[in-house]
Amino acid sequence: MRPVYSTQTIDVPAGVNVDVKARNVVVTGPLGTLRRSFKFIAMDIIPLEGGKQIKVDIWFGTREAIASIRTICSHIENMITGVTKGFKYKMRFCYAHFPINVSTSTVDGKEIVEIRNFLGEKQTRRIALLDGVNYVRTADVKDQIEISGIDISKVSLSCAQIQQSTAVKHKDIRKFLDGIYVSQKGHIKEDE
């Protein structure tokens, strides 16, 4: 038997404005604005108490639809965290012999990460960063880069593309551990 009504609420912190219209959610905060559409699932997204809370409802939902309530709430919470604190991923270079050389260039207004000398190969790997994602070479730590932005999906996808571009092919991956890996996940503005 289907449950008649399932709901969950999200608290909106001060200084953040969440607008909902036809399942299009716009979150505005000190670091910027994020937009996301949740039209792919039949649910109600309603602001409460003058925008201090967001309520997500499903009526007569299947088990899968009810489970997606928490997913939608997590997406909205990540948007709120992004516009208040932002997201910063730190990536480290791992190599046994050939030092990996990473730099950036700008082509047609898009920032491109260029990876050279991976396993001594002559090929240059180029990864275009997504819009709103920033690249910084860490000054005080050797062989480390920082990828940051306010949209967690764009930041993590850019890190994943960098990591997957340095996958070792046709060799024993237990021995050849070279690559660029995410070493730390955090926020641009750390809590005091």
# chains A, B, ... in the order shown; residues from 1 in each chain; ligands from 1
call {"tool": "residues_around", "arguments": {"residues": "stretch 43-54 of chain A", "least_positions_apart": "2", "cutoff": "8 Å", "atoms": "only C-alpha atoms", "output": "list in words"}}
result
Thr9, Ile10, Asp11, Val12, Pro13, Ala14, Asn17, Val18, Asp19, Val20, Arg23, Ile41, Val56, Asp57, Ile58 and Trp59 of chain A
call {"tool": "residues_around", "arguments": {"residues": "A:Ile150", "least_positions_apart": "3", "cutoff": "9 Å", "atoms": "only C-alpha atoms", "output": "list of chain:residue names"}}
result
A:Leu31, A:Gly32, A:Thr33, A:Leu34, A:Met79, A:Thr81, A:Gly82, A:Val83, A:Thr84, A:Lys85, A:Gly86, A:Phe87, A:Lys88, A:Gly132, A:Val133, A:Lys154, A:Val155, A:Ile188
call {"tool": "closest_residue", "arguments": {"among": "A:Lys110, A:Lys171, A:Lys122, A:Lys90", "to": "A:Gly186", "atoms": "only C-alpha atoms"}}
result
A:Lys90
call {"tool": "atom_distance", "arguments": {"atom1": "atom CA of A:Ile69", "atom2": "atom CA of A:Thr7"}}
result
7.4 Å
call {"tool": "closest_residue", "arguments": {"among": "A:Ser103, A:Thr166, A:Ile127, A:Lys189", "to": "A:Ser148", "atoms": "only C-alpha atoms"}}
result
A:Lys189
